[in-house]
file start-v1.csv (CSV, C-alpha atoms and all ligand atoms)
chain,number,residue,atom,x,y,z
P,939,MET,CA,11.7,11.3,-26.8
P,940,ALA,CA,11.7,8.6,-24.2
P,941,GLU,CA,12.6,9.9,-20.7
P,942,PRO,CA,15.3,8.2,-18.8
P,943,ASN,CA,14.4,5.6,-16.1
P,944,GLN,CA,14.2,6.7,-12.5
P,945,THR,CA,17.5,5.5,-11.0
P,946,VAL,CA,17.1,4.2,-7.5
P,947,THR,CA,19.4,2.9,-4.8
P,948,ASP,CA,17.1,2.0,-2.0
P,949,TYR,CA,14.0,0.5,-3.8
P,950,SER,CA,11.8,2.0,-1.1
P,951,PHE,CA,8.1,3.0,-1.3
P,952,THR,CA,8.9,6.7,-0.8
P,953,ARG,CA,8.8,7.8,-4.5
P,954,PHE,CA,5.4,6.4,-5.1
P,955,ALA,CA,4.0,7.4,-1.7
P,956,ASN,CA,4.8,11.0,-2.4
P,957,LEU,CA,2.8,11.2,-5.6
P,958,ASP,CA,-0.1,13.6,-5.4
P,959,PHE,CA,-2.8,11.2,-6.4
P,960,TYR,CA,-1.6,8.7,-3.8
P,961,ARG,CA,-1.6,11.2,-1.1
P,962,GLN,CA,-5.2,12.1,-2.0
P,963,VAL,CA,-6.3,8.5,-1.9
P,964,ASN,CA,-5.0,8.1,1.7
P,965,ALA,CA,-6.2,11.5,2.8
P,966,ARG,CA,-9.7,10.5,1.9
P,967,LEU,CA,-9.5,7.3,4.0
P,968,LEU,CA,-8.2,9.3,7.0
P,969,ASP,CA,-11.0,11.8,6.6
P,970,LEU,CA,-13.6,9.0,6.3
P,971,ALA,CA,-12.3,7.5,9.5
P,972,ASP,CA,-12.1,10.9,11.2
P,973,VAL,CA,-8.7,10.0,12.7
P,974,GLY,CA,-7.9,13.5,13.7
P,975,LYS,CA,-10.1,13.4,16.8
P,976,ASN,CA,-8.3,10.3,18.2
P,977,GLN,CA,-5.5,10.2,20.7
P,978,ARG,CA,-4.1,6.7,20.4
P,979,ILE,CA,-3.6,5.6,16.8
P,980,ILE,CA,-1.7,2.8,15.0
P,981,ASP,CA,-0.3,3.3,11.5
P,982,LEU,CA,-0.1,-0.3,10.5
P,983,GLY,CA,2.4,-1.1,7.7
P,984,CYS,CA,3.6,2.5,8.0
P,985,GLY,CA,6.3,2.1,5.3
P,986,THR,CA,8.3,5.3,4.9
P,987,GLY,CA,5.8,7.4,6.8
P,988,ALA,CA,3.7,9.1,4.1
P,989,VAL,CA,0.5,8.2,5.9
P,990,THR,CA,2.0,9.0,9.4
P,991,ARG,CA,2.6,12.5,8.1
P,992,LEU,CA,-1.0,12.9,6.9
P,993,MET,CA,-2.2,11.8,10.3
P,994,LEU,CA,0.0,14.4,12.0
P,995,GLU,CA,-1.5,17.1,9.8
P,996,ARG,CA,-5.0,16.1,11.0
P,997,LEU,CA,-4.4,15.8,14.8
P,998,THR,CA,-6.1,18.4,16.8
P,999,SER,CA,-4.9,17.7,20.3
P,1000,ALA,CA,-1.3,17.0,19.9
P,1001,ARG,CA,-0.3,16.9,23.6
P,1002,GLN,CA,-1.6,13.6,24.6
P,1003,THR,CA,-1.6,11.9,21.3
P,1004,VAL,CA,0.5,8.9,20.4
P,1005,ILE,CA,0.9,7.2,17.0
P,1006,TYR,CA,2.4,3.8,16.9
P,1007,ALA,CA,3.9,3.4,13.4
P,1008,ILE,CA,4.6,-0.3,12.7
P,1009,ASP,CA,6.4,-2.0,9.9
P,1010,HIS,CA,8.6,-5.1,9.6
P,1011,SER,CA,11.1,-3.3,7.4
P,1012,ALA,CA,13.9,-1.7,9.4
P,1013,ALA,CA,14.9,0.2,6.2
P,1014,ALA,CA,11.4,1.7,5.8
P,1015,ILE,CA,11.3,2.7,9.5
P,1016,ARG,CA,14.7,4.4,9.2
P,1017,GLN,CA,13.6,6.3,6.2
P,1018,ALA,CA,10.3,7.3,7.9
P,1019,ILE,CA,12.2,8.7,10.9
P,1020,THR,CA,14.5,10.7,8.6
P,1021,GLU,CA,11.6,12.1,6.5
P,1022,LEU,CA,9.4,13.0,9.5
P,1023,GLY,CA,12.3,14.8,11.1
P,1024,ASP,CA,11.3,16.7,14.2
P,1025,ARG,CA,7.8,17.3,12.8
P,1026,LYS,CA,5.9,16.3,16.0
P,1027,ALA,CA,8.1,13.2,15.9
P,1028,ALA,CA,7.9,12.9,19.7
P,1029,MET,CA,4.3,11.8,19.2
P,1030,VAL,CA,5.3,8.9,16.9
P,1031,LYS,CA,6.6,5.6,18.3
P,1032,PHE,CA,8.1,3.4,15.7
P,1033,VAL,CA,7.9,-0.4,16.2
P,1034,GLN,CA,9.6,-2.9,14.0
P,1035,ALA,CA,7.2,-5.9,14.0
P,1036,GLU,CA,5.1,-8.2,11.8
P,1037,VAL,CA,1.5,-7.0,11.6
P,1038,GLU,CA,0.5,-10.5,12.5
P,1039,ASN,CA,2.0,-10.0,15.9
P,1040,LEU,CA,0.3,-6.7,16.6
P,1041,ARG,CA,-0.9,-7.6,20.1
P,1042,THR,CA,2.6,-8.1,21.3
P,1043,ALA,CA,4.0,-5.1,19.4
P,1044,VAL,CA,1.6,-2.6,21.0
P,1045,ARG,CA,0.5,-3.5,24.5
P,1046,GLU,CA,-2.3,-1.0,24.9
P,1047,GLN,CA,-5.6,-0.8,23.2
P,1048,VAL,CA,-6.0,2.2,20.8
P,1049,ASP,CA,-8.8,4.3,19.4
P,1050,SER,CA,-8.0,3.8,15.8
P,1051,ILE,CA,-5.9,1.5,13.5
P,1052,VAL,CA,-5.2,2.7,10.0
P,1053,TYR,CA,-3.9,0.2,7.5
P,1054,CYS,CA,-3.1,1.8,4.1
P,1055,ASN,CA,-2.4,-0.3,1.0
P,1056,SER,CA,-1.0,-3.3,2.8
P,1057,ILE,CA,-3.8,-5.7,3.8
P,1058,HIS,CA,-3.4,-7.6,0.5
P,1059,TYR,CA,0.1,-8.7,1.6
P,1060,VAL,CA,-1.3,-10.7,4.5
P,1061,PRO,CA,-2.2,-14.4,3.7
P,1062,ASP,CA,-4.3,-15.1,6.8
P,1063,LYS,CA,-6.5,-12.0,7.0
P,1064,GLY,CA,-8.8,-13.6,9.6
P,1065,LYS,CA,-5.9,-14.0,12.1
P,1066,LEU,CA,-4.8,-10.4,11.4
P,1067,LEU,CA,-8.3,-9.1,12.1
P,1068,ASP,CA,-8.3,-11.0,15.5
P,1069,GLU,CA,-5.0,-9.2,16.3
P,1070,VAL,CA,-6.5,-5.8,15.2
P,1071,ARG,CA,-9.7,-6.4,17.1
P,1072,ASP,CA,-7.8,-7.1,20.4
P,1073,SER,CA,-5.6,-4.1,19.9
P,1074,LEU,CA,-8.6,-1.7,19.6
P,1075,ARG,CA,-10.8,-0.5,22.4
P,1076,PRO,CA,-14.5,-1.5,22.1
P,1077,GLY,CA,-16.0,1.0,19.7
P,1078,GLY,CA,-12.6,1.7,18.2
P,1079,THR,CA,-12.1,2.1,14.4
P,1080,LEU,CA,-10.2,0.1,11.8
P,1081,ALA,CA,-9.7,1.9,8.5
P,1082,PHE,CA,-8.0,0.3,5.6
P,1083,ASN,CA,-7.7,0.7,1.9
P,1084,THR,CA,-6.3,-1.3,-1.0
P,1085,THR,CA,-6.1,-1.3,-4.7
P,1086,PHE,CA,-5.2,-5.0,-4.8
P,1087,PHE,CA,-8.6,-6.6,-4.3
P,1088,ASP,CA,-10.9,-8.7,-6.5
P,1089,GLY,CA,-12.5,-5.9,-8.5
P,1090,SER,CA,-9.6,-3.4,-8.6
P,1091,ASN,CA,-9.0,-3.6,-12.3
P,1092,PRO,CA,-11.9,-2.4,-14.4
P,1093,PRO,CA,-12.3,-4.5,-17.7
P,1094,GLU,CA,-11.1,-1.5,-19.8
P,1095,SER,CA,-7.7,-1.5,-18.0
P,1096,GLU,CA,-6.9,-5.1,-18.9
P,1097,ALA,CA,-5.4,-4.2,-22.3
P,1098,PHE,CA,-2.9,-2.0,-20.4
P,1099,TYR,CA,-1.7,-4.7,-18.0
P,1100,ARG,CA,-1.3,-7.2,-20.8
P,1101,ARG,CA,0.7,-4.7,-22.9
P,1102,TRP,CA,2.8,-3.6,-19.9
P,1103,MET,CA,3.8,-7.2,-19.0
P,1104,MET,CA,4.4,-8.1,-22.6
P,1105,ARG,CA,6.7,-5.1,-23.2
P,1106,SER,CA,8.5,-5.6,-19.8
P,1107,LEU,CA,9.1,-9.3,-20.4
P,1108,ARG,CA,10.4,-8.6,-23.9
P,1109,ILE,CA,12.9,-6.0,-22.6
P,1110,LEU,CA,14.0,-8.4,-19.8
P,1111,SER,CA,14.6,-11.2,-22.2
P,1112,LYS,CA,16.1,-9.3,-25.2
P,1113,GLU,CA,18.3,-6.9,-23.3
P,1114,TYR,CA,19.2,-8.9,-20.1
P,1115,GLY,CA,18.6,-12.5,-21.1
P,1116,LEU,CA,16.4,-12.9,-18.1
P,1117,ARG,CA,13.0,-14.1,-17.3
P,1118,PRO,CA,11.0,-14.4,-14.0
P,1119,THR,CA,11.0,-17.7,-12.1
P,1120,ARG,CA,7.7,-19.3,-11.0
P,1121,THR,CA,6.8,-19.0,-7.4
P,1122,ASP,CA,4.4,-20.8,-5.0
P,1123,LYS,CA,3.1,-17.4,-3.6
P,1124,THR,CA,-0.1,-17.4,-5.7
P,1125,GLU,CA,-2.2,-18.9,-3.0
P,1126,ALA,CA,-1.0,-16.3,-0.4
P,1127,ARG,CA,-1.8,-13.5,-2.8
P,1128,ARG,CA,-5.4,-14.5,-3.4
P,1129,GLN,CA,-7.5,-11.4,-3.3
P,1130,LEU,CA,-10.8,-10.8,-1.6
P,1131,SER,CA,-13.7,-8.9,-3.1
P,1132,ALA,CA,-15.3,-5.9,-1.2
P,1133,GLU,CA,-18.1,-8.3,-0.1
P,1134,GLY,CA,-15.5,-10.8,1.0
P,1135,TYR,CA,-13.9,-8.2,3.2
P,1136,ALA,CA,-17.2,-7.2,4.7
P,1137,ALA,CA,-18.1,-10.8,5.5
P,1138,LEU,CA,-14.7,-11.5,7.1
P,1139,LEU,CA,-15.0,-8.3,9.2
P,1140,ASN,CA,-18.4,-9.4,10.5
P,1141,GLU,CA,-17.0,-12.9,11.4
P,1142,HIS,CA,-14.2,-11.3,13.3
P,1143,GLY,CA,-16.1,-9.0,15.5
P,1144,PHE,CA,-16.4,-5.8,13.4
P,1145,GLY,CA,-19.4,-3.9,12.0
P,1146,VAL,CA,-18.7,-2.2,8.7
P,1147,LYS,CA,-19.5,1.5,9.0
P,1148,LYS,CA,-18.5,2.6,5.5
P,1149,ALA,CA,-17.3,0.7,2.5
P,1150,GLU,CA,-16.8,2.4,-0.9
P,1151,VAL,CA,-15.0,1.7,-4.2
P,1152,VAL,CA,-13.5,4.8,-5.7
P,1153,LEU,CA,-12.3,5.0,-9.3
P,1154,VAL,CA,-8.9,6.6,-9.5
P,1155,GLU,CA,-7.0,7.8,-12.6
P,1156,PHE,CA,-3.6,6.1,-12.2
P,1157,PRO,CA,-1.0,8.1,-14.1
P,1158,LEU,CA,2.1,6.9,-15.9
P,1159,GLU,CA,4.3,8.3,-13.1
P,1160,GLY,CA,2.5,6.0,-10.7
P,1161,TYR,CA,3.5,2.9,-12.8
P,1162,ILE,CA,7.1,4.3,-13.1
P,1163,ASP,CA,7.4,4.9,-9.4
P,1164,ILE,CA,5.8,1.7,-8.2
P,1165,SER,CA,8.4,0.0,-10.5
P,1166,THR,CA,11.1,1.3,-8.2
P,1167,PHE,CA,9.6,-0.4,-5.1
P,1168,LYS,CA,11.3,-3.7,-4.0
P,1169,ASP,CA,8.1,-5.5,-2.9
P,1170,PHE,CA,6.4,-4.7,-6.2
P,1171,ILE,CA,9.4,-5.7,-8.4
P,1172,GLU,CA,9.8,-9.0,-6.5
P,1173,GLY,CA,6.1,-9.8,-6.7
P,1174,THR,CA,5.8,-9.0,-10.4
P,1175,LEU,CA,9.1,-10.4,-11.7
P,1176,PRO,CA,10.1,-13.0,-9.1
P,1177,GLY,CA,13.8,-14.1,-9.2
P,1178,VAL,CA,14.9,-11.1,-11.3
P,1179,PRO,CA,17.6,-8.7,-9.9
P,1180,LEU,CA,16.0,-5.5,-8.7
P,1181,ASP,CA,17.9,-3.1,-11.0
P,1182,ARG,CA,17.0,-5.0,-14.1
P,1183,GLY,CA,13.5,-5.7,-13.1
P,1184,SER,CA,12.9,-2.1,-12.2
P,1185,ALA,CA,14.4,-0.9,-15.5
P,1186,ALA,CA,12.3,-3.3,-17.6
P,1187,LEU,CA,9.1,-2.4,-15.8
P,1188,GLN,CA,9.6,1.3,-16.1
P,1189,ARG,CA,10.4,1.1,-19.8
P,1190,GLY,CA,7.6,-1.4,-20.3
P,1191,ALA,CA,5.1,1.0,-18.7
P,1192,ARG,CA,6.2,4.0,-20.9
P,1193,GLN,CA,5.9,1.9,-24.0
P,1194,ALA,CA,2.5,0.6,-23.1
P,1195,PHE,CA,1.2,4.1,-22.5
P,1196,GLU,CA,2.7,5.1,-25.9
P,1197,ASP,CA,1.3,2.1,-27.7
P,1198,LEU,CA,-2.2,2.6,-26.4
P,1199,LYS,CA,-2.1,6.4,-26.5
P,1200,ILE,CA,-3.4,6.8,-23.0
P,1201,SER,CA,-2.7,9.3,-20.3
P,1202,PHE,CA,-4.0,7.3,-17.3
P,1203,VAL,CA,-5.3,3.8,-16.4
P,1204,PRO,CA,-8.6,3.6,-14.5
P,1205,ARG,CA,-8.2,1.7,-11.2
P,1206,ASN,CA,-10.5,1.0,-8.3
P,1207,TRP,CA,-9.5,1.7,-4.7
P,1208,LEU,CA,-11.4,0.1,-1.8
P,1209,ASN,CA,-11.9,2.1,1.4
P,1210,VAL,CA,-13.3,0.4,4.4
P,1211,VAL,CA,-14.1,1.8,7.9
P,1212,ALA,CA,-15.2,-0.7,10.5
P,1213,ILE,CA,-16.0,-0.5,14.2
P,1214,ARG,CA,-14.9,-3.0,16.8
P,1215,ALA,CA,-18.0,-4.5,18.5
P,1216,ALA,CA,-18.3,-4.1,22.2
D,1301,LIG,C1,2.8,-0.6,0.0
D,1301,LIG,S1,3.6,-0.2,1.4
D,1301,LIG,C2,2.5,0.9,2.2
D,1301,LIG,C3,3.1,1.8,3.2
D,1301,LIG,C4,2.2,2.9,3.8
D,1301,LIG,N1,1.1,2.3,4.5
D,1301,LIG,C5,1.7,3.8,2.7
D,1301,LIG,O1,0.6,3.7,2.2
D,1301,LIG,O2,2.5,4.7,2.3
D,1301,LIG,C6,3.4,-1.7,2.4
D,1301,LIG,C7,4.2,-1.7,3.6
D,1301,LIG,O3,3.8,-2.9,4.4
D,1301,LIG,C8,4.9,-3.5,5.0
D,1301,LIG,N2,4.6,-4.9,5.3
D,1301,LIG,C9,4.2,-5.8,4.4
D,1301,LIG,N3,4.0,-7.0,5.0
D,1301,LIG,C10,4.2,-6.8,6.3
D,1301,LIG,C11,4.0,-7.6,7.5
D,1301,LIG,N4,3.7,-8.8,7.5
D,1301,LIG,N5,4.3,-7.0,8.7
D,1301,LIG,C12,4.7,-5.7,8.8
D,1301,LIG,N6,4.8,-4.9,7.7
D,1301,LIG,C13,4.6,-5.4,6.5
D,1301,LIG,C14,6.1,-3.3,4.0
D,1301,LIG,O4,7.3,-3.3,4.6
D,1301,LIG,C15,5.7,-1.9,3.4
D,1301,LIG,O5,6.4,-0.9,4.1
call {"tool": "encode", "arguments": {"input": "start-v1.csv", "output": "structure tokens", "more": "lines below"}}
Ligand SMILES: C[S@@+](CC[C@H](N)C(=O)[O-])C[C@H]1O[C@@H](n2cnc3c(N)ncnc32)[C@H](O)[C@@H]1O
result
Amino acid sequence: MAEPNQTVTDYSFTRFANLDFYRQVNARLLDLADVGKNQRIIDLGCGTGAVTRLMLERLTSARQTVIYAIDHSAAAIRQAITELGDRKAAMVKFVQAEVENLRTAVREQVDSIVYCNSIHYVPDKGKLLDEVRDSLRPGGTLAFNTTFFDGSNPPESEAFYRRWMMRSLRILSKEYGLRPTRTDKTEARRQLSAEGYAALLNEHGFGVKKAEVVLVEFPLEGYIDISTFKDFIEGTLPGVPLDRGSAALQRGARQAFEDLKISFVPRNWLNVVAIRAA
């Protein structure tokens, strides 16, 4: 029997961010970058604080540590503050700002900048890397990951995405009489390959220390929960009201899993750790 859709009121990233597999993906990046030994850290695009929490778990010398947690969404920051509670919250300074204005948002240079699952949103990645470089001390570390890069979808996953969209669009049209509108955002969302990121980092004053592509088994609940996130719904079904878009995407995902008789979809995650040149 089909399970009911997740009902949501805030369309935040929290539900997805708390999935086990997602926590593991981010924990791996933090460990690759060895963030636990740092004292001044930026959690860039912190969202509702899932990665901030993972950082707090890894910090060894809590006394002099500060984490600047930055996001442009006031709602996400409010939720992060609530979810972190008093868990070492004194060490976390939340700043509402665009990542493109990092230098003015944080006025000191830090040891490490961690940027989880957000770099693909930024149209001008070169300008962003300039901001990041100037916000890091020489020798400081930038660590980022993304599953929206040129190479993230293995060929064997394409049937799922076609089926998911076909099912979701059919539900949207038949049950709600809706269809997405066209947008001019395609250019901004152009994705770089792993090699493209490495070249860009070199051009902007970084040396790549580690770069890896990890194959992840993306479960149905991941597709259900990402379908409750405002940015994802708006990007996938532009112009569609959030409640209907979310319902159509959730049901479409369930149907696609059933149609194809699969229990997960393979998906590549890119992890990069880069060092600011002196
Ligand atoms: C997919 S969520 C990732 C949140 C968190 N890093 C995690 O992995 O749990 C992306 C976050 O980036 C934020 N974001 C997107 N574009 C941004 C920008 N230009 N400036 C600041 N924040 C931005 C969104 O508000 C959202 O909270």
call {"tool": "residues_around", "arguments": {"input": "start-v1.csv", "residues": "region 950-964 of chain P", "least_positions_apart": "3", "cutoff": "10 Å", "atoms": "all atoms listed in the file", "output": "number ranges by chain"}}
result
P: 944, 946-947, 967-970, 985-989, 992-993, 1013-1014, 1017-1018, 1021, 1052-1055, 1082-1084, 1152, 1154-1157, 1159-1170, 1207-1209
call {"tool": "closest_residue", "arguments": {"input": "start-v1.csv", "among": "P:Val973, P:Val1037, P:Val1211, P:Ala965", "to": "ligand LIG 1301 (chain D)", "atoms": "all atoms listed in the file"}}
result
P:Val1037
call {"tool": "atom_distance", "arguments": {"input": "start-v1.csv", "atom1": "CA of Ser1056 (chain P)", "atom2": "CA of Asn1140 (chain P)"}}
result
20.0 Å
call {"tool": "closest_residue", "arguments": {"input": "start-v1.csv", "among": "P:Ser1011, P:Thr1042, P:Leu1080, P:Asp972", "to": "Thr998 (chain P)", "atoms": "only C-alpha atoms"}}
result
P:Asp972
call {"tool": "residues_near_point", "arguments": {"input": "start-v1.csv", "point": "(15.9, -5.3, -18.2)", "cutoff": "8 Å", "atoms": "all atoms listed in the file", "output": "list in words"}}
result
Ser1106, Ile1109, Leu1110, Ser1111, Glu1113, Tyr1114, Leu1116, Asp1181, Arg1182, Gly1183, Ser1184, Ala1185, Ala1186 and Leu1187 of chain P
call {"tool": "atom_distance", "arguments": {"input": "start-v1.csv", "atom1": "CA of Ser1131 (chain P)", "atom2": "CA of Glu1069 (chain P)"}}
result
21.3 Å
call {"tool": "atom_distance", "arguments": {"input": "start-v1.csv", "atom1": "CA of His1058 (chain P)", "atom2": "atom S1 of ligand LIG 1301 (chain D)"}}
result
10.2 Å
call {"tool": "closest_residue", "arguments": {"input": "start-v1.csv", "among": "P:Thr1174, P:Gln1193, P:Thr1079, P:Ser1090", "to": "Lys1147 (chain P)", "atoms": "all atoms listed in the file"}}
result
P:Thr1079
call {"tool": "closest_residue", "arguments": {"input": "start-v1.csv", "among": "P:Ser1073, P:Gln1002, P:Thr1085, P:Ser1050", "to": "ligand LIG 1301 (chain D)", "atoms": "only C-alpha atoms and all ligand atoms"}}
result
P:Thr1085
call {"tool": "closest_residue", "arguments": {"input": "start-v1.csv", "among": "P:Met1104, P:Ala1215, P:Val1210, P:Val1004", "to": "Glu1133 (chain P)", "atoms": "all atoms listed in the file"}}
result
P:Val1210
call {"tool": "residues_near_point", "arguments": {"input": "start-v1.csv", "point": "(-3.8, 14.2, 14.4)", "cutoff": "8 Å", "atoms": "all atoms listed in the file", "output": "PyMOL selection string"}}
result
chain P and resi 973-977+993-1000+1003
call {"tool": "closest_residue", "arguments": {"input": "start-v1.csv", "among": "P:Gly1190, P:Gly1089, P:Gly1173, P:Gly1145", "to": "ligand LIG 1301 (chain D)", "atoms": "all atoms listed in the file"}}
result
P:Gly1173
call {"tool": "residues_around", "arguments": {"input": "start-v1.csv", "residues": "Asp1088 (chain P)", "least_positions_apart": "5", "cutoff": "9 Å", "atoms": "all atoms listed in the file", "output": "CSV table (one decimal) with C-alpha atoms, in the coordinates of the input"}}
result
chain,number,residue,atom,x,y,z
P,1128,ARG,CA,-5.4,-14.5,-3.4
P,1129,GLN,CA,-7.5,-11.4,-3.3
P,1130,LEU,CA,-10.8,-10.8,-1.6
P,1131,SER,CA,-13.7,-8.9,-3.1
P,1132,ALA,CA,-15.3,-5.9,-1.2
call {"tool": "decode", "arguments": {"input": "start-v1.csv", "residues": "region 1080-1104 of chain P", "atoms": "N, CA and C atoms", "output": "short mmCIF file (atom, residue, chain, number, x, y, z; two decimals), in the first residue's frame"}}
result
data_model
loop_
_atom_site.label_atom_id
_atom_site.label_comp_id
_atom_site.auth_asym_id
_atom_site.auth_seq_id
_atom_site.Cartn_x
_atom_site.Cartn_y
_atom_site.Cartn_z
N LEU P 1080 39.83 24.87 2.32
CA LEU P 1080 38.44 24.89 1.83
C LEU P 1080 38.03 23.44 1.56
N ALA P 1081 36.92 23.02 2.15
CA ALA P 1081 36.39 21.68 1.87
C ALA P 1081 34.97 21.82 1.37
N PHE P 1082 34.68 21.26 0.21
CA PHE P 1082 33.28 21.31 -0.25
C PHE P 1082 32.88 19.97 -0.85
N ASN P 1083 31.57 19.74 -0.85
CA ASN P 1083 31.05 18.57 -1.54
C ASN P 1083 29.78 18.96 -2.29
N THR P 1084 29.47 18.17 -3.29
CA THR P 1084 28.24 18.41 -4.05
C THR P 1084 27.84 17.13 -4.78
N THR P 1085 26.56 16.96 -4.94
CA THR P 1085 26.07 15.87 -5.79
C THR P 1085 25.32 16.43 -7.00
N PHE P 1086 25.58 17.72 -7.27
CA PHE P 1086 25.08 18.35 -8.49
C PHE P 1086 26.29 18.85 -9.27
N PHE P 1087 26.99 17.92 -9.91
CA PHE P 1087 28.12 18.29 -10.75
C PHE P 1087 28.04 17.47 -12.03
N ASP P 1088 28.81 17.88 -13.02
CA ASP P 1088 28.81 17.15 -14.29
C ASP P 1088 29.47 15.80 -14.03
N GLY P 1089 28.68 14.75 -13.91
CA GLY P 1089 29.21 13.43 -13.57
C GLY P 1089 28.50 12.84 -12.36
N SER P 1090 27.54 13.58 -11.79
CA SER P 1090 26.89 13.06 -10.58
C SER P 1090 25.90 11.93 -10.86
N ASN P 1091 25.34 11.90 -12.06
CA ASN P 1091 24.36 10.85 -12.35
C ASN P 1091 24.96 9.76 -13.22
N PRO P 1092 25.27 8.58 -12.65
CA PRO P 1092 25.78 7.49 -13.47
C PRO P 1092 24.72 7.12 -14.53
N PRO P 1093 25.16 6.63 -15.71
CA PRO P 1093 24.21 6.31 -16.79
C PRO P 1093 23.07 5.41 -16.32
N GLU P 1094 23.37 4.46 -15.40
CA GLU P 1094 22.32 3.50 -14.98
C GLU P 1094 21.25 4.16 -14.11
N SER P 1095 21.44 5.46 -13.75
CA SER P 1095 20.41 6.12 -12.94
C SER P 1095 19.45 6.94 -13.81
N GLU P 1096 19.79 7.06 -15.11
CA GLU P 1096 19.00 7.98 -15.95
C GLU P 1096 17.54 7.54 -16.10
N ALA P 1097 17.33 6.21 -16.16
CA ALA P 1097 15.96 5.71 -16.31
C ALA P 1097 15.10 6.17 -15.13
N PHE P 1098 15.71 6.18 -13.93
CA PHE P 1098 14.94 6.62 -12.76
C PHE P 1098 14.52 8.08 -12.90
N TYR P 1099 15.45 8.96 -13.27
CA TYR P 1099 15.11 10.39 -13.32
C TYR P 1099 14.04 10.67 -14.39
N ARG P 1100 14.16 9.95 -15.52
CA ARG P 1100 13.13 10.12 -16.57
C ARG P 1100 11.76 9.70 -16.02
N ARG P 1101 11.76 8.54 -15.36
CA ARG P 1101 10.50 7.99 -14.85
C ARG P 1101 9.93 8.89 -13.75
N TRP P 1102 10.80 9.37 -12.87
CA TRP P 1102 10.36 10.23 -11.75
C TRP P 1102 9.69 11.50 -12.30
N MET P 1103 10.35 12.12 -13.27
CA MET P 1103 9.79 13.37 -13.80
C MET P 1103 8.50 13.09 -14.57
N MET P 1104 8.47 12.00 -15.34
CA MET P 1104 7.27 11.67 -16.10
C MET P 1104 6.09 11.45 -15.15
#
